[in-house]
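Source file: upload-v5.cif. Holds: mmCIF, C-alpha atoms and all ligand atoms.
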data_query
#
loop_
_atom_site.label_atom_id
_atom_site.label_comp_id
_atom_site.auth_asym_id
_atom_site.auth_seq_id
_atom_site.Cartn_x
_atom_site.Cartn_y
_atom_site.Cartn_z
CA MET A 1 35.16 4.07 -85.88
CA LYS A 2 32.29 4.95 -83.52
CA ILE A 3 33.26 7.25 -80.65
CA LEU A 4 31.16 7.82 -77.56
CA VAL A 5 31.46 11.34 -76.10
CA VAL A 6 30.61 11.64 -72.41
CA ASN A 7 30.15 14.69 -70.21
CA ALA A 8 29.53 13.61 -66.62
CA GLY A 9 28.22 16.05 -64.02
CA SER A 10 27.62 15.42 -60.34
CA SER A 11 24.08 14.12 -60.97
CA SER A 12 24.00 13.88 -64.75
CA LEU A 13 25.64 12.11 -67.67
CA LYS A 14 25.34 13.51 -71.18
CA TYR A 15 26.38 11.35 -74.12
CA GLN A 16 26.64 11.37 -77.87
CA LEU A 17 27.63 8.52 -80.16
CA ILE A 18 29.40 9.72 -83.31
CA ASP A 19 30.34 7.70 -86.37
CA MET A 20 33.68 9.23 -87.31
CA ASP A 21 33.26 7.96 -90.85
CA GLY A 22 31.59 11.20 -92.01
CA GLU A 23 31.36 12.58 -88.45
CA LYS A 24 27.67 11.67 -88.17
CA GLU A 25 25.80 11.86 -84.87
CA LEU A 26 24.10 8.48 -84.38
CA ALA A 27 22.44 9.02 -81.01
CA LYS A 28 22.54 11.25 -77.98
CA GLY A 29 21.06 11.43 -74.56
CA LEU A 30 21.10 12.67 -71.03
CA VAL A 31 20.83 10.77 -67.76
CA GLU A 32 19.44 13.14 -65.15
CA ARG A 33 19.03 13.11 -61.38
CA ILE A 34 21.57 10.32 -60.79
CA GLY A 35 21.29 9.24 -57.16
CA ILE A 36 18.22 11.43 -56.65
CA GLU A 37 14.54 10.53 -56.69
CA GLY A 38 13.01 10.90 -60.16
CA SER A 39 16.08 9.82 -62.12
CA ARG A 40 15.60 9.25 -65.85
CA LEU A 41 17.28 8.91 -69.20
CA LYS A 42 16.29 10.93 -72.26
CA HIS A 43 17.57 9.41 -75.48
CA SER A 44 17.23 10.20 -79.15
CA ALA A 45 18.51 8.58 -82.31
CA GLY A 46 17.56 10.35 -85.52
CA GLU A 47 13.80 10.91 -85.49
CA LYS A 48 13.18 8.47 -82.64
CA SER A 49 13.29 9.47 -79.00
CA THR A 50 12.35 7.96 -75.67
CA VAL A 51 12.45 8.59 -71.94
CA VAL A 52 13.31 5.82 -69.47
CA GLU A 53 12.30 6.49 -65.88
CA GLU A 54 13.90 4.21 -63.30
CA ALA A 55 16.12 4.32 -60.22
CA ILE A 56 19.69 5.25 -61.27
CA PRO A 57 21.70 5.14 -58.03
CA ASP A 58 25.15 6.06 -59.35
CA HIS A 59 27.26 6.87 -62.42
CA GLU A 60 27.99 3.21 -63.08
CA ALA A 61 24.26 2.48 -63.29
CA ALA A 62 23.90 5.55 -65.55
CA ALA A 63 26.64 4.28 -67.88
CA GLN A 64 25.04 0.82 -67.93
CA LEU A 65 21.65 2.28 -68.83
CA MET A 66 23.26 4.38 -71.58
CA LEU A 67 24.83 1.26 -73.10
CA LYS A 68 21.54 -0.65 -72.81
CA ILE A 69 19.57 2.01 -74.69
CA LEU A 70 22.32 2.34 -77.30
CA GLN A 71 21.78 -1.39 -78.00
CA ASP A 72 17.98 -1.30 -77.68
CA PRO A 73 16.19 -3.07 -80.58
CA GLU A 74 13.94 -0.04 -81.14
CA TYR A 75 15.92 3.02 -80.07
CA GLY A 76 19.47 1.68 -80.28
CA VAL A 77 22.07 2.23 -83.00
CA ILE A 78 24.61 -0.51 -82.22
CA ARG A 79 24.34 -4.29 -81.75
CA SER A 80 27.17 -4.65 -79.29
CA THR A 81 29.32 -2.36 -77.15
CA ASP A 82 32.30 -3.74 -79.10
CA GLU A 83 31.26 -1.32 -81.85
CA ILE A 84 32.31 1.59 -79.60
CA GLY A 85 35.97 2.15 -80.48
CA ALA A 86 36.74 4.60 -77.69
CA VAL A 87 35.15 7.02 -75.22
CA GLY A 88 36.06 10.72 -75.05
CA HIS A 89 35.33 12.47 -71.75
CA ARG A 90 34.98 16.18 -71.15
CA VAL A 91 37.07 17.07 -68.09
CA LEU A 92 36.82 20.56 -66.65
CA HIS A 93 40.18 21.20 -65.08
CA GLY A 94 43.56 19.94 -66.20
CA GLY A 95 45.50 22.47 -64.12
CA ASN A 96 48.87 23.32 -65.66
CA LYS A 97 49.59 19.65 -66.40
CA PHE A 98 47.71 19.15 -69.64
CA THR A 99 48.18 21.14 -72.81
CA ALA A 100 46.29 18.57 -74.89
CA SER A 101 43.90 15.63 -74.61
CA MET A 102 45.26 12.43 -73.05
CA LEU A 103 44.60 8.71 -73.16
CA VAL A 104 43.39 7.85 -69.66
CA ASN A 105 45.77 5.83 -67.49
CA ALA A 106 46.50 5.75 -63.76
CA ASP A 107 48.72 8.87 -63.98
CA VAL A 108 46.10 10.88 -65.86
CA LYS A 109 43.45 9.88 -63.33
CA ALA A 110 45.76 10.87 -60.48
CA ALA A 111 46.33 14.27 -62.14
CA ILE A 112 42.57 14.79 -62.58
CA ARG A 113 42.23 13.98 -58.87
CA GLU A 114 45.00 16.47 -58.00
CA CYS A 115 42.92 19.11 -59.75
CA PHE A 116 39.85 18.46 -57.50
CA PRO A 117 40.57 21.61 -55.44
CA LEU A 118 40.66 23.67 -58.66
CA GLY A 119 37.42 22.22 -60.02
CA PRO A 120 35.61 20.97 -56.92
CA LEU A 121 32.19 20.66 -58.56
CA HIS A 122 33.20 19.20 -61.91
CA ASN A 123 36.43 17.20 -61.67
CA PRO A 124 35.17 14.59 -59.18
CA ALA A 125 32.09 14.07 -61.36
CA ASN A 126 34.21 13.88 -64.54
CA LEU A 127 36.39 11.21 -62.92
CA MET A 128 33.29 9.30 -61.78
CA GLY A 129 32.17 9.31 -65.44
CA ILE A 130 35.54 7.94 -66.58
CA GLU A 131 35.62 5.23 -63.93
CA ALA A 132 32.01 4.23 -64.61
CA CYS A 133 32.77 3.80 -68.33
CA GLU A 134 35.95 1.88 -67.54
CA LYS A 135 33.89 -0.56 -65.48
CA VAL A 136 31.06 -1.09 -67.96
CA MET A 137 33.27 -1.09 -71.10
CA LYS A 138 36.32 -3.03 -69.98
CA GLY A 139 39.23 -2.66 -72.39
CA THR A 140 37.71 0.24 -74.39
CA PRO A 141 40.19 3.15 -74.50
CA GLN A 142 39.10 6.25 -72.58
CA VAL A 143 40.35 9.74 -73.44
CA ALA A 144 40.24 12.89 -71.29
CA VAL A 145 39.69 16.21 -73.10
CA PHE A 146 40.36 19.18 -70.84
CA ASP A 147 38.44 22.45 -70.92
CA THR A 148 41.59 24.25 -69.85
CA ALA A 149 44.09 22.73 -72.33
CA PHE A 150 43.69 25.19 -75.22
CA HIS A 151 44.47 28.13 -72.94
CA GLN A 152 47.79 26.69 -71.77
CA THR A 153 49.61 28.70 -74.47
CA MET A 154 48.85 31.96 -72.62
CA PRO A 155 52.03 33.80 -71.67
CA PRO A 156 52.72 34.41 -67.95
CA LYS A 157 51.86 38.12 -68.27
CA ALA A 158 48.31 37.03 -69.20
CA TYR A 159 47.84 34.13 -66.78
CA MET A 160 49.52 35.45 -63.62
CA TYR A 161 47.52 37.18 -60.89
CA GLY A 162 49.21 40.00 -58.99
CA VAL A 163 49.24 38.10 -55.68
CA PRO A 164 52.58 36.96 -54.15
CA LYS A 165 54.28 34.75 -56.75
CA MET A 166 54.66 31.84 -54.33
CA TYR A 167 50.88 31.24 -54.61
CA GLU A 168 51.39 30.36 -58.25
CA GLU A 169 54.62 28.49 -57.62
CA LYS A 170 53.40 26.42 -54.68
CA LEU A 171 49.64 26.25 -55.18
CA HIS A 172 49.21 26.97 -58.91
CA VAL A 173 46.96 29.96 -58.31
CA ARG A 174 46.71 31.49 -61.80
CA ARG A 175 44.33 32.05 -64.68
CA TYR A 176 43.48 28.80 -66.54
CA GLY A 177 40.43 29.64 -68.60
CA PHE A 178 37.61 27.29 -69.64
CA HIS A 179 35.45 26.41 -72.68
CA GLY A 180 38.83 25.64 -74.29
CA THR A 181 37.44 22.91 -76.54
CA SER A 182 34.89 25.39 -77.90
CA HIS A 183 37.45 28.19 -78.35
CA ARG A 184 39.74 25.76 -80.16
CA TYR A 185 36.99 24.41 -82.43
CA VAL A 186 35.66 27.86 -83.33
CA SER A 187 39.07 29.48 -83.83
CA ARG A 188 40.06 26.66 -86.21
CA TRP A 189 36.76 26.33 -88.02
CA VAL A 190 36.28 30.05 -88.64
CA CYS A 191 39.58 30.06 -90.59
CA GLU A 192 38.54 27.01 -92.64
CA PHE A 193 35.15 28.61 -93.23
CA LEU A 194 36.80 31.83 -94.47
CA GLY A 195 39.42 29.89 -96.44
CA ILE A 196 42.37 31.43 -94.62
CA SER A 197 45.24 30.23 -92.47
CA PRO A 198 45.17 30.99 -88.72
CA ILE A 199 48.83 31.99 -88.98
CA GLY A 200 49.14 35.77 -88.86
CA LYS A 201 45.51 36.20 -87.80
CA LYS A 202 44.22 37.92 -84.65
CA ILE A 203 40.90 36.44 -83.60
CA ILE A 204 38.56 37.22 -80.72
CA ILE A 205 36.14 34.40 -79.86
CA CYS A 206 33.01 35.33 -77.90
CA HIS A 207 31.59 32.12 -76.40
CA LEU A 208 28.33 33.44 -74.95
CA GLY A 209 26.07 30.90 -73.28
CA ASN A 210 24.85 30.28 -69.78
CA GLY A 211 28.56 30.40 -68.95
CA SER A 212 30.44 32.89 -71.09
CA SER A 213 34.07 33.53 -71.93
CA LEU A 214 36.12 35.40 -74.51
CA SER A 215 39.51 34.47 -75.85
CA ALA A 216 42.21 36.26 -77.82
CA VAL A 217 43.78 33.89 -80.36
CA MET A 218 46.85 34.85 -82.39
CA ASP A 219 48.51 32.51 -84.93
CA GLY A 220 46.02 29.85 -83.79
CA LYS A 221 47.24 30.02 -80.18
CA CYS A 222 45.38 31.36 -77.17
CA GLN A 223 46.96 34.57 -75.82
CA ASP A 224 44.38 35.45 -73.20
CA THR A 225 40.96 34.44 -71.94
CA SER A 226 38.40 35.95 -69.61
CA MET A 227 37.74 33.05 -67.19
CA GLY A 228 40.31 32.49 -64.46
CA LEU A 229 41.31 30.01 -61.77
CA THR A 230 37.65 29.04 -61.88
CA PRO A 231 34.86 29.85 -64.36
CA LEU A 232 33.68 32.69 -62.09
CA GLU A 233 35.98 35.35 -63.54
CA GLY A 234 35.24 37.49 -66.57
CA LEU A 235 31.87 38.36 -68.06
CA LEU A 236 28.51 38.62 -66.36
CA MET A 237 26.90 35.21 -66.96
CA GLY A 238 23.57 33.45 -66.38
CA THR A 239 24.09 33.06 -62.64
CA ARG A 240 27.76 34.07 -62.17
CA CYS A 241 28.79 37.61 -61.33
CA GLY A 242 32.01 37.65 -63.39
CA SER A 243 34.93 39.86 -62.38
CA CYS A 244 34.60 42.19 -59.41
CA ASP A 245 36.83 43.71 -56.73
CA PRO A 246 37.95 40.74 -54.56
CA ALA A 247 37.19 42.88 -51.48
CA VAL A 248 33.49 42.52 -52.36
CA VAL A 249 33.77 38.94 -51.03
CA GLN A 250 34.84 40.16 -47.58
CA PHE A 251 32.20 42.89 -47.56
CA MET A 252 29.39 40.51 -48.48
CA ALA A 253 30.63 37.91 -45.95
CA ASN A 254 30.45 40.53 -43.19
CA ASN A 255 27.18 42.11 -44.30
CA PRO A 256 25.02 39.34 -45.78
CA LEU A 257 21.42 39.90 -46.78
CA LYS A 258 18.41 37.59 -46.73
CA GLU A 259 16.50 36.85 -49.93
CA ASP A 260 14.10 39.71 -49.07
CA GLY A 261 16.99 42.20 -48.83
CA THR A 262 16.93 42.57 -45.03
CA PRO A 263 20.17 41.98 -43.01
CA LEU A 264 20.84 38.34 -42.07
CA GLY A 265 22.32 39.53 -38.79
CA HIS A 266 25.47 37.38 -38.69
CA PRO A 267 28.48 36.94 -40.99
CA ILE A 268 28.61 34.16 -43.56
CA SER A 269 31.60 32.19 -44.85
CA VAL A 270 33.65 32.85 -47.99
CA ASP A 271 32.22 29.61 -49.43
CA GLU A 272 28.70 30.95 -48.92
CA VAL A 273 29.57 34.23 -50.66
CA LEU A 274 31.10 32.31 -53.57
CA ASN A 275 27.93 30.26 -53.76
CA ILE A 276 25.96 33.51 -54.16
CA MET A 277 28.47 34.71 -56.77
CA ASN A 278 28.29 31.44 -58.72
CA LYS A 279 24.61 30.57 -58.47
CA LYS A 280 22.56 33.63 -57.60
CA SER A 281 24.30 36.45 -59.45
CA GLY A 282 24.72 37.45 -63.09
CA LEU A 283 21.60 37.92 -65.22
CA LEU A 284 19.60 36.20 -62.46
CA GLY A 285 20.97 38.34 -59.66
CA ILE A 286 20.59 41.65 -61.49
CA SER A 287 17.16 40.97 -63.01
CA GLY A 288 15.91 39.16 -59.91
CA LYS A 289 13.87 37.03 -62.32
CA SER A 290 15.80 34.77 -64.70
CA SER A 291 19.24 33.55 -65.74
CA ASP A 292 18.06 32.87 -69.29
CA CYS A 293 18.92 35.51 -71.85
CA ARG A 294 15.64 34.94 -73.73
CA ASP A 295 13.64 35.79 -70.59
CA ILE A 296 15.85 38.82 -70.00
CA ASP A 297 15.18 40.01 -73.56
CA ASP A 298 11.41 39.55 -73.12
CA LEU A 299 11.44 41.34 -69.76
CA ALA A 300 13.58 44.18 -71.17
CA ALA A 301 11.25 44.54 -74.16
CA ALA A 302 8.37 44.88 -71.68
CA GLY A 303 10.22 47.71 -69.93
CA ASP A 304 11.63 45.84 -66.89
CA GLU A 305 14.41 48.18 -65.71
CA ASN A 306 16.47 45.50 -63.97
CA ALA A 307 16.41 43.30 -67.08
CA ILE A 308 17.47 46.30 -69.20
CA LEU A 309 20.35 46.91 -66.79
CA ALA A 310 21.39 43.21 -66.92
CA GLN A 311 21.39 43.37 -70.74
CA GLU A 312 23.41 46.59 -70.71
CA MET A 313 25.96 45.14 -68.28
CA LEU A 314 26.42 42.04 -70.43
CA VAL A 315 26.90 44.00 -73.66
CA TYR A 316 29.21 46.56 -72.00
CA GLY A 317 31.36 43.77 -70.54
CA ILE A 318 31.74 42.02 -73.90
CA LYS A 319 32.70 45.32 -75.59
CA LYS A 320 35.33 46.02 -72.93
CA TYR A 321 36.93 42.60 -73.42
CA ILE A 322 36.90 42.98 -77.22
CA GLY A 323 38.59 46.38 -76.87
CA SER A 324 41.18 45.11 -74.43
CA TYR A 325 42.00 42.00 -76.48
CA ALA A 326 42.34 44.07 -79.66
CA ALA A 327 44.75 46.36 -77.78
CA ALA A 328 46.65 43.39 -76.31
CA MET A 329 47.09 41.75 -79.74
CA GLY A 330 47.79 45.03 -81.55
CA GLY A 331 44.62 44.69 -83.63
CA VAL A 332 41.93 42.21 -84.55
CA ASP A 333 41.05 40.55 -87.87
CA ILE A 334 38.09 38.39 -86.89
CA ILE A 335 35.47 38.59 -84.15
CA CYS A 336 33.49 35.40 -83.82
CA PHE A 337 30.27 34.71 -81.88
CA THR A 338 29.34 31.25 -80.64
CA ALA A 339 27.27 29.25 -78.06
CA GLY A 340 23.59 29.69 -77.10
CA ILE A 341 23.50 33.49 -76.93
CA GLY A 342 26.24 34.16 -79.49
CA GLU A 343 24.63 31.88 -82.10
CA ASN A 344 21.00 32.83 -81.57
CA ASN A 345 20.71 36.35 -80.24
CA ASP A 346 21.18 38.65 -83.22
CA ALA A 347 19.98 41.69 -81.27
CA LEU A 348 22.73 41.22 -78.70
CA ARG A 349 25.35 40.72 -81.43
CA ALA A 350 24.24 44.00 -83.00
CA LYS A 351 24.53 45.84 -79.67
CA VAL A 352 28.03 44.43 -79.09
CA ILE A 353 29.37 45.47 -82.51
CA GLU A 354 27.55 48.85 -82.49
CA GLY A 355 30.15 51.55 -81.83
CA LEU A 356 33.13 49.37 -82.80
CA GLU A 357 33.34 51.01 -86.25
CA PHE A 358 36.34 53.00 -84.93
CA MET A 359 38.30 49.75 -84.87
CA GLY A 360 37.07 48.63 -88.25
CA ALA A 361 34.15 46.36 -87.30
CA GLU A 362 31.03 47.18 -89.31
CA LEU A 363 27.97 44.99 -88.93
CA ASP A 364 25.61 44.26 -91.83
CA PRO A 365 22.15 44.26 -90.16
CA GLU A 366 20.64 42.05 -92.88
CA LYS A 367 23.38 39.42 -92.70
CA ASN A 368 23.18 39.50 -88.92
CA LYS A 369 19.55 38.33 -88.92
CA GLY A 370 18.88 34.73 -87.95
CA ARG A 371 21.10 31.79 -87.18
CA GLY A 372 23.75 29.60 -88.75
CA GLU A 373 27.36 29.75 -89.77
CA LYS A 374 27.97 33.07 -91.53
CA VAL A 375 29.81 36.35 -91.94
CA ILE A 376 27.72 39.16 -90.45
CA SER A 377 29.97 42.14 -91.18
CA LYS A 378 29.61 44.39 -94.22
CA ASP A 379 31.62 43.63 -97.36
CA GLY A 380 34.77 45.68 -96.93
CA SER A 381 34.64 45.74 -93.11
CA LYS A 382 38.26 45.69 -91.93
CA VAL A 383 37.31 43.28 -89.16
CA THR A 384 35.36 40.21 -90.30
CA VAL A 385 32.57 39.45 -87.84
CA CYS A 386 31.22 35.87 -87.92
CA VAL A 387 28.83 33.46 -86.26
CA ILE A 388 30.19 29.92 -85.93
CA PRO A 389 28.04 27.35 -84.10
CA THR A 390 30.28 25.56 -81.62
CA ASN A 391 30.64 21.78 -81.55
CA GLU A 392 32.58 20.61 -78.51
CA GLU A 393 31.44 17.01 -78.98
CA ILE A 394 33.02 16.70 -82.43
CA MET A 395 36.27 18.15 -81.14
CA ILE A 396 36.30 15.63 -78.26
CA ALA A 397 35.54 12.82 -80.72
CA ARG A 398 38.31 13.94 -83.12
CA ASP A 399 40.91 14.08 -80.34
CA THR A 400 39.76 10.66 -79.11
CA LEU A 401 40.03 9.15 -82.58
CA ASP A 402 43.50 10.68 -83.05
CA LEU A 403 44.78 9.35 -79.75
CA VAL A 404 43.51 5.82 -80.25
CA THR A 405 44.65 5.57 -83.86
CA THR A 406 47.93 7.53 -83.93
CA GLY A 407 48.74 8.23 -80.27
CA LYS A 408 48.90 11.98 -81.03
CA VAL A 409 46.37 14.81 -81.26
CA ARG A 410 46.40 16.67 -84.58
CA ASP A 411 45.87 20.43 -84.72
CA HIS A 412 42.38 20.16 -86.23
P1 LIG B 501 24.32 27.55 -73.73
O1 LIG B 501 24.91 27.58 -72.36
O2 LIG B 501 25.37 27.65 -74.82
O3 LIG B 501 23.37 26.41 -73.96
O4 LIG B 501 23.45 28.88 -73.88
C1 LIG B 501 22.34 29.17 -73.05
C2 LIG B 501 21.91 30.61 -73.31
O5 LIG B 501 21.64 30.77 -74.69
C3 LIG B 501 20.64 31.02 -72.56
O6 LIG B 501 20.83 32.28 -71.95
C4 LIG B 501 19.60 31.13 -73.66
O7 LIG B 501 18.73 32.20 -73.42
C5 LIG B 501 20.40 31.42 -74.89
N1 LIG B 501 19.72 30.86 -76.06
C6 LIG B 501 19.66 29.56 -76.39
N2 LIG B 501 18.88 29.39 -77.50
C7 LIG B 501 18.46 30.61 -77.86
C8 LIG B 501 17.63 31.11 -78.89
N3 LIG B 501 17.08 30.30 -79.79
N4 LIG B 501 17.41 32.45 -78.95
C9 LIG B 501 17.99 33.28 -78.05
N5 LIG B 501 18.78 32.85 -77.03
C10 LIG B 501 18.99 31.55 -76.93
#
As structure tokens - that is how I would like this structure written.
Ligand code: AMP
Amino acid sequence: MKILVVNAGSSSLKYQLIDMDGEKELAKGLVERIGIEGSRLKHSAGEKSTVVEEAIPDHEAAAQLMLKILQDPEYGVIRSTDEIGAVGHRVLHGGNKFTASMLVNADVKAAIRECFPLGPLHNPANLMGIEACEKVMKGTPQVAVFDTAFHQTMPPKAYMYGVPKMYEEKLHVRRYGFHGTSHRYVSRWVCEFLGISPIGKKIIICHLGNGSSLSAVMDGKCQDTSMGLTPLEGLLMGTRCGSCDPAVVQFMANNPLKEDGTPLGHPISVDEVLNIMNKKSGLLGISGKSSDCRDIDDLAAAGDENAILAQEMLVYGIKKYIGSYAAAMGGVDIICFTAGIGENNDALRAKVIEGLEFMGAELDPEKNKGRGEKVISKDGSKVTVCVIPTNEEIMIARDTLDLVTTGKVRDH
């Protein structure tokens, strides 16, 4: 069966068509600037690629264009949309309702809508993606795969915040965690790769990309994760500040600064402070130059003190989470790096593991060089340190296939 994987953002729609017979990627693409001037579709299928520039007013038009290019005589890979067996959608927030992926029906859509306040930027866009595909592929099953679902096994001691309990009971204010599809894929695949069972194993997954999160996985189940009610909590990220004293919000709201560092002269709202914390902080906010780790590395190598500080903060934060998760689980067997930074930045991996010999993690500098799926710890290291490239799309496609063929999601 061919499964289409869709990740809809507020002005974008990313897609990948996968033939589940052999799990082969047939084509992928990105529709950008939906509803904005300069909208376009970038598409590739094997060696061939193309860019279509035309007005794309909404998500329905984006979905239509995606289907048209997938059937294009030159760049397409299917003759008819009937060849698409089902569509799997990435959905950011499933609240505390969804512990696994779901076939989309009216109740599931209503629940995604109920989670709009928890994921105000993503959930409305994810639902637009689902509804657009429903319209242009009538009768094709749609599946929702939630970024939060894998973390639903966290115990209350890990997911509760220390605010009055009624906020959790009435308004569901709690830690949810994100990147769940990636944490699930990597925590499963690392065990297959090492030829071991996840049962009895304590694993720390470091998903380090533009957004970053760690998770503590024991017996294959998530015990804790660093992101919270929203993806803002946890590590320093590309543009997000990560965890800080909540009182910083009030202080910044009362004492805001202009871009040039001079006082703005009047208070700003909590929403405006959160905008700074989400979009102008992290590597970007500390370096003042870039949110991209590669730029930060180049700047640091050239002696830029703010970039060096940003690098140090990132590494220090990851180490602290690894230490705390090892303590919380009573040890750690496997530490696994994934996502853009985790998979590609061997220097950062070395800095993170440096000094963790006391807990039995010993890096092999030679094995650590370069990319790809591998063990990077020394032979005999008590903790096995690995790099596992993540693949959220394949996980979404597998869940989708399971749901449309058997009605249940396997633990794959
Ligand atoms: P992601 O959000 O997973 O796409 O990761 C984006 C982050 O990964 C950015 O900070 C990039 O600097 C970093 N990254 C991606 N590719 C590479 C690479 N080849 N070498 C070093 N860092 C990379």
Exercise for review: Set the cut-off to 10 Å, count all atoms listed in the file, and list whatever residues fall near ligand LIG 501 (chain B) as a PyMOL selection string.
Suggested key: chain A and resi 207-212+237-239+283+290-297+338-348+370-371+389-390
I need the residues from that last selection saved to file as a PDB file, keeping the file's coordinate frame (with C-alpha atoms), if you can.
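Saved to selection_10.pdb:
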ATOM      1  CA  HIS A 207      31.590  32.120 -76.400  1.00  0.00           C
ATOM      2  CA  LEU A 208      28.330  33.440 -74.950  1.00  0.00           C
ATOM      3  CA  GLY A 209      26.070  30.900 -73.280  1.00  0.00           C
ATOM      4  CA  ASN A 210      24.850  30.280 -69.780  1.00  0.00           C
ATOM      5  CA  GLY A 211      28.560  30.400 -68.950  1.00  0.00           C
ATOM      6  CA  SER A 212      30.440  32.890 -71.090  1.00  0.00           C
ATOM      7  CA  MET A 237      26.900  35.210 -66.960  1.00  0.00           C
ATOM      8  CA  GLY A 238      23.570  33.450 -66.380  1.00  0.00           C
ATOM      9  CA  THR A 239      24.090  33.060 -62.640  1.00  0.00           C
ATOM     10  CA  LEU A 283      21.600  37.920 -65.220  1.00  0.00           C
ATOM     11  CA  SER A 290      15.800  34.770 -64.700  1.00  0.00           C
ATOM     12  CA  SER A 291      19.240  33.550 -65.740  1.00  0.00           C
ATOM     13  CA  ASP A 292      18.060  32.870 -69.290  1.00  0.00           C
ATOM     14  CA  CYS A 293      18.920  35.510 -71.850  1.00  0.00           C
ATOM     15  CA  ARG A 294      15.640  34.940 -73.730  1.00  0.00           C
ATOM     16  CA  ASP A 295      13.640  35.790 -70.590  1.00  0.00           C
ATOM     17  CA  ILE A 296      15.850  38.820 -70.000  1.00  0.00           C
ATOM     18  CA  ASP A 297      15.180  40.010 -73.560  1.00  0.00           C
ATOM     19  CA  THR A 338      29.340  31.250 -80.640  1.00  0.00           C
ATOM     20  CA  ALA A 339      27.270  29.250 -78.060  1.00  0.00           C
ATOM     21  CA  GLY A 340      23.590  29.690 -77.100  1.00  0.00           C
ATOM     22  CA  ILE A 341      23.500  33.490 -76.930  1.00  0.00           C
ATOM     23  CA  GLY A 342      26.240  34.160 -79.490  1.00  0.00           C
ATOM     24  CA  GLU A 343      24.630  31.880 -82.100  1.00  0.00           C
ATOM     25  CA  ASN A 344      21.000  32.830 -81.570  1.00  0.00           C
ATOM     26  CA  ASN A 345      20.710  36.350 -80.240  1.00  0.00           C
ATOM     27  CA  ASP A 346      21.180  38.650 -83.220  1.00  0.00           C
ATOM     28  CA  ALA A 347      19.980  41.690 -81.270  1.00  0.00           C
ATOM     29  CA  LEU A 348      22.730  41.220 -78.700  1.00  0.00           C
ATOM     30  CA  GLY A 370      18.880  34.730 -87.950  1.00  0.00           C
ATOM     31  CA  ARG A 371      21.100  31.790 -87.180  1.00  0.00           C
ATOM     32  CA  PRO A 389      28.040  27.350 -84.100  1.00  0.00           C
ATOM     33  CA  THR A 390      30.280  25.560 -81.620  1.00  0.00           C
TER      34      THR A 390
END
Practice item. Take the point (15.7, 7.4, -53.7) as written in the file and pick out every residue within 10 Å of it, counting all atoms listed in the file; give the list as a PyMOL selection string. Key: chain A and resi 34-39+55-57
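Restricting the calculation to all atoms listed in the file, the smallest distance between A:Ile205 and any of A:Asn96, A:Ser287, A:Thr384, A:Thr148 is found for A:Thr384.
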Review point. Leaving out A:Ser44 and any residue of its chain fewer than 4 positions from it, which residues lie within 6 Å of it when counting all atoms listed in the file, given as a ChimeraX atom specification?
Key: /A:27-28,48-49
Exercise for review: Tell me which of A:Ile353, A:Val143, A:Leu401, A:Met227 sits closest to A:Gly323, counting all atoms listed in the file.
Suggested key: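 Of A:Ile353, A:Val143, A:Leu401, A:Met227, the one nearest A:Gly323, counting all atoms listed in the file, is A:Ile353.
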Check your understanding: Interatomic distance between atom CA of A:Arg240 and atom CA of A:Val385?
Key ->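 Atom-to-atom, atom CA of A:Arg240 to atom CA of A:Val385, that is 26.7 Å.
In terms of minimum interatomic distance to A:Phe193, A:Ile388 ranks closest within A:Ile334, A:Lys2, A:Ile388, A:His179, counting all atoms listed in the file.
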**Study point:** A:Asn275, A:Ser213, A:Gln250, A:Thr50 ranked by distance to A:Leu314, top pick (using only C-alpha atoms)
**Key:** A:Ser213
Review point. In Å to one decimal, how far is atom CA of A:Tyr316 from atom CA of A:Gly355?
Key: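 Atom CA of A:Gly355 sits 11.1 Å away from atom CA of A:Tyr316.
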